[in-house]
file target-v4.txt (compact mmCIF, C-alpha atoms and all ligand atoms)
# COMPACT_ATOMS: atom_id res chain seq x y z
CA MET O 1 19.77 8.02 9.28
CA LEU O 2 16.81 9.53 7.37
CA ASN O 3 13.87 7.17 7.14
CA ARG O 4 12.06 7.32 3.79
CA LEU O 5 8.36 6.45 3.70
CA PHE O 6 6.64 5.77 0.40
CA ILE O 7 2.84 5.81 0.60
CA ILE O 8 0.68 4.44 -2.22
CA ASN O 9 -2.86 5.78 -1.97
CA GLY O 10 -5.30 3.28 -3.47
CA SER O 11 -8.48 5.26 -2.77
CA PRO O 12 -10.40 6.88 -5.63
CA ARG O 13 -11.89 9.38 -3.10
CA LYS O 14 -9.28 12.05 -2.79
CA LYS O 15 -10.72 13.61 0.38
CA GLY O 16 -12.04 10.40 1.88
CA ASN O 17 -11.10 8.34 4.90
CA THR O 18 -7.97 6.83 3.38
CA SER O 19 -6.61 10.27 2.51
CA ASN O 20 -7.27 11.55 6.02
CA LEU O 21 -5.51 8.55 7.55
CA ILE O 22 -2.56 9.13 5.21
CA LYS O 23 -2.36 12.77 6.29
CA TRP O 24 -2.18 11.82 9.97
CA VAL O 25 0.35 9.03 9.41
CA ALA O 26 2.50 11.28 7.18
CA SER O 27 2.38 14.26 9.56
CA ALA O 28 3.53 12.15 12.53
CA ALA O 29 6.31 10.60 10.42
CA ILE O 30 7.48 14.00 9.13
CA GLU O 31 7.50 15.33 12.69
CA LYS O 32 9.87 12.48 13.55
CA GLY O 33 12.18 13.57 10.72
CA ALA O 34 11.12 11.08 8.04
CA HIS O 35 10.91 11.93 4.34
CA VAL O 36 7.46 11.06 2.98
CA GLU O 37 6.38 10.62 -0.64
CA ILE O 38 2.73 9.96 -1.52
CA ILE O 39 1.73 8.33 -4.82
CA ASP O 40 -1.78 8.23 -6.25
CA ALA O 41 -2.42 4.69 -7.57
CA VAL O 42 -5.68 5.81 -9.18
CA LYS O 43 -3.92 8.45 -11.27
CA LEU O 44 -1.22 5.95 -12.25
CA ALA O 45 -3.87 3.41 -13.23
CA LYS O 46 -5.12 5.72 -16.00
CA GLU O 47 -2.01 4.90 -18.03
CA ASN O 48 -1.33 1.47 -16.57
CA ASN O 49 -2.94 -1.32 -18.56
CA GLY O 50 -1.85 -3.82 -15.97
CA CYS O 51 0.54 -6.74 -16.03
CA ARG O 52 0.46 -8.49 -19.43
CA GLY O 53 1.54 -11.80 -17.95
CA CYS O 54 4.35 -11.98 -20.55
CA ARG O 55 6.84 -13.21 -17.90
CA GLN O 56 9.71 -11.42 -19.65
CA CYS O 57 10.66 -10.11 -16.19
CA ASN O 58 11.25 -13.70 -15.14
CA ILE O 59 13.97 -14.24 -17.77
CA SER O 60 15.49 -10.75 -17.71
CA GLU O 61 18.83 -9.93 -16.08
CA ASP O 62 17.27 -7.66 -13.49
CA TYR O 63 13.99 -7.41 -11.61
CA THR O 64 12.18 -4.85 -13.78
CA CYS O 65 9.06 -4.92 -15.93
CA VAL O 66 9.43 -4.73 -19.73
CA ILE O 67 6.60 -2.16 -19.87
CA LYS O 68 8.47 1.12 -19.49
CA ASP O 69 5.87 3.53 -18.13
CA ASP O 70 5.25 5.64 -15.01
CA THR O 71 4.24 2.56 -13.05
CA SER O 72 7.61 0.89 -13.75
CA LEU O 73 9.40 4.07 -12.66
CA THR O 74 7.25 4.25 -9.53
CA VAL O 75 8.00 0.63 -8.58
CA ALA O 76 11.73 1.37 -9.00
CA ARG O 77 11.50 4.56 -6.88
CA MET O 78 9.50 2.77 -4.22
CA LEU O 79 12.41 0.36 -3.69
CA LYS O 80 14.66 3.24 -2.62
CA SER O 81 12.55 3.83 0.49
CA ASN O 82 12.73 2.17 3.91
CA VAL O 83 9.00 1.62 4.31
CA VAL O 84 6.38 1.15 1.59
CA ILE O 85 2.83 1.74 2.82
CA PHE O 86 -0.25 0.62 0.90
CA ALA O 87 -3.22 2.76 1.98
CA THR O 88 -6.65 1.64 0.85
CA PRO O 89 -10.37 1.37 1.49
CA VAL O 90 -11.98 -2.08 1.53
CA TYR O 91 -13.83 -2.75 -1.73
CA PHE O 92 -15.83 -5.99 -1.68
CA GLY O 93 -13.46 -7.62 0.76
CA SER O 94 -10.35 -6.52 -1.09
CA PHE O 95 -8.78 -3.32 -2.41
CA PRO O 96 -9.78 -1.16 -5.42
CA GLY O 97 -8.82 -2.46 -8.87
CA GLN O 98 -6.54 0.50 -9.50
CA LEU O 99 -4.32 -0.57 -6.60
CA LYS O 100 -4.43 -4.18 -7.82
CA GLN O 101 -3.09 -3.01 -11.18
CA PHE O 102 -0.12 -1.44 -9.38
CA ILE O 103 0.54 -4.51 -7.23
CA ASP O 104 0.35 -6.83 -10.25
CA ARG O 105 3.15 -4.80 -11.84
CA MET O 106 5.30 -5.74 -8.82
CA TYR O 107 5.40 -9.32 -10.13
CA CYS O 108 8.77 -8.44 -11.68
CA LEU O 109 10.25 -8.31 -8.16
CA LYS O 110 10.11 -12.11 -7.97
CA LYS O 111 11.70 -14.69 -10.24
CA ILE O 112 10.42 -18.24 -10.31
CA HIS O 113 13.13 -20.82 -10.96
CA GLN O 114 12.96 -24.55 -11.48
CA ASN O 115 14.05 -25.10 -7.89
CA GLY O 116 12.28 -22.24 -6.12
CA PHE O 117 12.29 -18.49 -6.41
CA SER O 118 14.36 -15.40 -5.77
CA ILE O 119 13.34 -11.89 -4.74
CA SER O 120 14.76 -8.58 -5.94
CA PRO O 121 17.71 -7.67 -3.67
CA ALA O 122 16.35 -4.10 -3.69
CA LEU O 123 13.31 -5.30 -1.73
CA LYS O 124 15.42 -6.86 1.01
CA ASP O 125 15.74 -3.75 3.20
CA VAL O 126 12.25 -2.40 2.54
CA SER O 127 9.53 -2.84 5.18
CA ILE O 128 5.90 -3.11 4.13
CA ALA O 129 2.87 -1.58 5.86
CA LEU O 130 -0.87 -1.52 5.28
CA ILE O 131 -3.37 1.20 6.15
CA ALA O 132 -6.90 -0.04 5.49
CA VAL O 133 -10.32 1.39 6.28
CA SER O 134 -13.76 -0.19 5.93
CA GLY O 135 -17.40 0.85 6.26
CA ALA O 136 -18.50 -2.27 8.15
CA GLY O 137 -16.91 -4.36 10.91
CA GLU O 138 -13.73 -6.40 10.39
CA GLU O 139 -15.62 -9.55 9.47
CA PHE O 140 -17.29 -7.92 6.44
CA GLY O 141 -14.16 -7.37 4.39
CA LEU O 142 -11.33 -5.81 6.38
CA ASN O 143 -10.06 -9.19 7.58
CA PHE O 144 -10.13 -10.56 4.01
CA LEU O 145 -8.17 -7.56 2.76
CA SER O 146 -5.60 -8.00 5.52
CA SER O 147 -5.22 -11.74 4.72
CA HIS O 148 -4.98 -10.99 1.00
CA MET O 149 -2.19 -8.43 1.55
CA ARG O 150 -0.35 -10.79 3.89
CA ALA O 151 -0.54 -13.55 1.28
CA ILE O 152 0.76 -11.25 -1.47
CA PHE O 153 3.70 -10.07 0.58
CA SER O 154 4.57 -13.40 2.16
CA GLY O 155 5.11 -14.47 -1.47
CA LEU O 156 7.71 -11.71 -1.57
CA ASP O 157 9.16 -12.79 1.80
CA LYS O 158 7.74 -9.82 3.68
CA ASP O 159 5.73 -9.33 6.86
CA ILE O 160 3.30 -6.42 7.16
CA GLU O 161 2.74 -3.75 9.82
CA GLU O 162 -0.97 -2.87 9.87
CA LEU O 163 -3.26 0.01 10.76
CA LEU O 164 -6.78 -1.39 10.31
CA ILE O 165 -9.76 0.92 10.85
CA PRO O 166 -13.18 -0.82 10.74
CA SER O 167 -16.67 0.73 10.91
CA CYS O 168 -15.68 4.12 9.57
CA PRO O 169 -18.58 6.33 8.38
CA PRO O 170 -18.34 7.21 4.67
CA GLU O 171 -19.20 10.91 5.03
CA ILE O 172 -16.35 13.15 3.89
CA ASP O 173 -14.32 14.54 6.81
CA LYS O 174 -16.41 12.84 9.54
CA ILE O 175 -13.30 10.87 10.47
CA LYS O 176 -11.55 14.14 11.39
CA SER O 177 -13.48 14.51 14.63
CA ASN O 178 -12.63 10.96 15.75
CA THR O 179 -9.79 11.50 18.22
CA ARG O 180 -9.38 7.76 18.88
CA ILE O 181 -8.65 7.01 15.21
CA LYS O 182 -6.45 10.10 14.90
CA LYS O 183 -4.39 8.98 17.90
CA LYS O 184 -3.94 5.49 16.39
CA ALA O 185 -2.90 6.95 13.01
CA LEU O 186 -0.40 9.35 14.56
CA ALA O 187 1.11 6.53 16.64
CA PHE O 188 1.38 4.36 13.52
CA GLY O 189 3.16 7.14 11.59
CA LYS O 190 5.57 7.69 14.47
CA MET O 191 6.30 3.96 14.74
CA LEU O 192 7.00 3.69 10.99
CA ALA O 193 9.24 6.76 11.06
CA GLU O 194 11.32 5.20 13.82
CA LYS O 195 11.55 1.88 12.02
CA ILE O 196 14.66 1.10 10.06
CA ASP O 197 15.34 -2.61 9.86
C1 LIG L 201 -17.21 -0.31 -4.26
C2 LIG L 201 -17.22 -0.32 -2.75
C3 LIG L 201 -17.14 -1.53 -2.09
C4 LIG L 201 -17.08 -1.57 -0.70
N1 LIG L 201 -16.97 -2.78 -0.07
C5 LIG L 201 -16.89 -2.83 1.28
C6 LIG L 201 -16.75 -4.09 1.95
O1 LIG L 201 -16.70 -5.16 1.35
N2 LIG L 201 -16.69 -4.08 3.30
C7 LIG L 201 -16.73 -2.93 4.04
O2 LIG L 201 -16.67 -3.00 5.27
N3 LIG L 201 -16.84 -1.71 3.43
C8 LIG L 201 -16.92 -1.63 2.07
N4 LIG L 201 -17.02 -0.41 1.43
C9 LIG L 201 -16.99 0.82 2.25
C10 LIG L 201 -15.61 1.51 2.23
O3 LIG L 201 -14.56 0.60 2.53
C11 LIG L 201 -15.57 2.65 3.27
O4 LIG L 201 -16.63 3.56 3.03
C12 LIG L 201 -14.25 3.39 3.31
O5 LIG L 201 -14.22 4.19 4.45
C13 LIG L 201 -14.04 4.27 2.07
O6 LIG L 201 -12.78 4.85 2.12
P1 LIG L 201 -12.46 6.20 1.31
O7 LIG L 201 -13.19 7.31 2.03
O8 LIG L 201 -10.99 6.37 1.32
O9 LIG L 201 -13.00 6.00 -0.07
C14 LIG L 201 -17.12 -0.34 0.04
C15 LIG L 201 -17.21 0.88 -0.65
C16 LIG L 201 -17.27 0.90 -2.02
C17 LIG L 201 -17.37 2.23 -2.74
call {"tool": "encode", "arguments": {"input": "target-v4.txt", "output": "structure tokens", "more": "lines below"}}
Ligand SMILES: Cc1cc2nc3c(=O)[nH]c(=O)nc-3n(C[C@H](O)[C@H](O)[C@H](O)COP(=O)(O)O)c2cc1C
result
Amino acid sequence: MLNRLFIINGSPRKKGNTSNLIKWVASAAIEKGAHVEIIDAVKLAKENNGCRGCRQCNISEDYTCVIKDDTSLTVARMLKSNVVIFATPVYFGSFPGQLKQFIDRMYCLKKIHQNGFSISPALKDVSIALIAVSGAGEEFGLNFLSSHMRAIFSGLDKDIEELLIPSCPPEIDKIKSNTRIKKKALAFGKMLAEKID
């Protein structure tokens, strides 16, 4: 069966470290026969004013947001894939605001009831992964980002596969000569391509 990978790029630097990691992960996955779609969260954020907190999604029949824009359509398309990968740099111990805006719009995938909660059935067969890169060591933000993502997705009943790259120099394309990181990224892409729960 064809494995569909949906990558959401949260980095504002289009040729930066996150983009290079995405390229390696995607190329290894494509080589294994996966279909890969890459979405630019920063571009989407230009027309995404963020979740309004109206909670209409909580009382609607389905698990969709009442704001009908490209972000809504992207969230719906994302659910048709086998693996959704959030790729991001660490910004002050978390991820860039543009990616946060996208994730907030995923609130419609959960309904809070009086006696608990339910999750969109469309999310049931989707695996979640995180690619994250930081300038400093793990303890200066990468670990916080990882915990934050795990907390978000445990609220949606999901575990996360992770590719975490600390201490990565910020210079454009310097990462390309790092064969150790490249090898890790290729292995991660291959693993995701072979993963269908
Ligand atoms: C606004 C901003 C905040 C950052 N905060 C952190 C941080 O808290 N911890 C860290 O290790 N690196 C931090 N960095 C460094 C980036 O995570 C790092 O340079 C990363 O490789 C950038 O990825 P990119 O090339 O995809 O933009 C920050 C960079 C920026 C621009």
call {"tool": "residues_around", "arguments": {"input": "target-v4.txt", "residues": "segment 110-123 of chain O", "least_positions_apart": "4", "cutoff": "10 Å", "atoms": "only C-alpha atoms", "output": "list in words"}}
result
Arg55, Cys57, Asn58, Ile59, Ser60, Asp62, Tyr63, Thr64, Ala76, Met78, Leu79, Lys80, Ser81, Asn82, Met106, Ser127, Ile128, Gly155, Leu156, Asp157 and Lys158 of chain O
call {"tool": "closest_residue", "arguments": {"input": "target-v4.txt", "among": "O:Ser11, O:Glu61, O:Gln98, O:Asp69", "to": "ligand LIG 201 (chain L)", "atoms": "all atoms listed in the file"}}
result
O:Ser11
call {"tool": "residues_near_ligand", "arguments": {"input": "target-v4.txt", "ligand": "ligand LIG 201 (chain L)", "cutoff": "10 Å", "atoms": "only C-alpha atoms and all ligand atoms", "output": "JSON, numbers by chain"}}
result
{"O": [9, 10, 11, 12, 13, 14, 15, 16, 17, 18, 19, 20, 21, 22, 87, 88, 89, 90, 91, 92, 93, 94, 95, 96, 97, 132, 133, 134, 135, 136, 137, 138, 139, 140, 141, 142, 143, 144, 145, 165, 166, 167, 168, 169, 170, 171, 172, 173, 174, 175]}
call {"tool": "closest_residue", "arguments": {"input": "target-v4.txt", "among": "O:Met191, O:Leu164, O:Ile131, O:Ile103", "to": "Ile152 of chain O", "atoms": "only C-alpha atoms"}}
result
O:Ile103
call {"tool": "axis_aligned_box", "arguments": {"input": "target-v4.txt", "around": "segment 88-97 of chain O", "padding_each_side": "3 Å", "output": "AutoDock Vina command-line options"}}
result
--center_x -11.2 --center_y -3.0 --center_z -3.7 --size_x 15.2 --size_y 15.3 --size_z 16.4
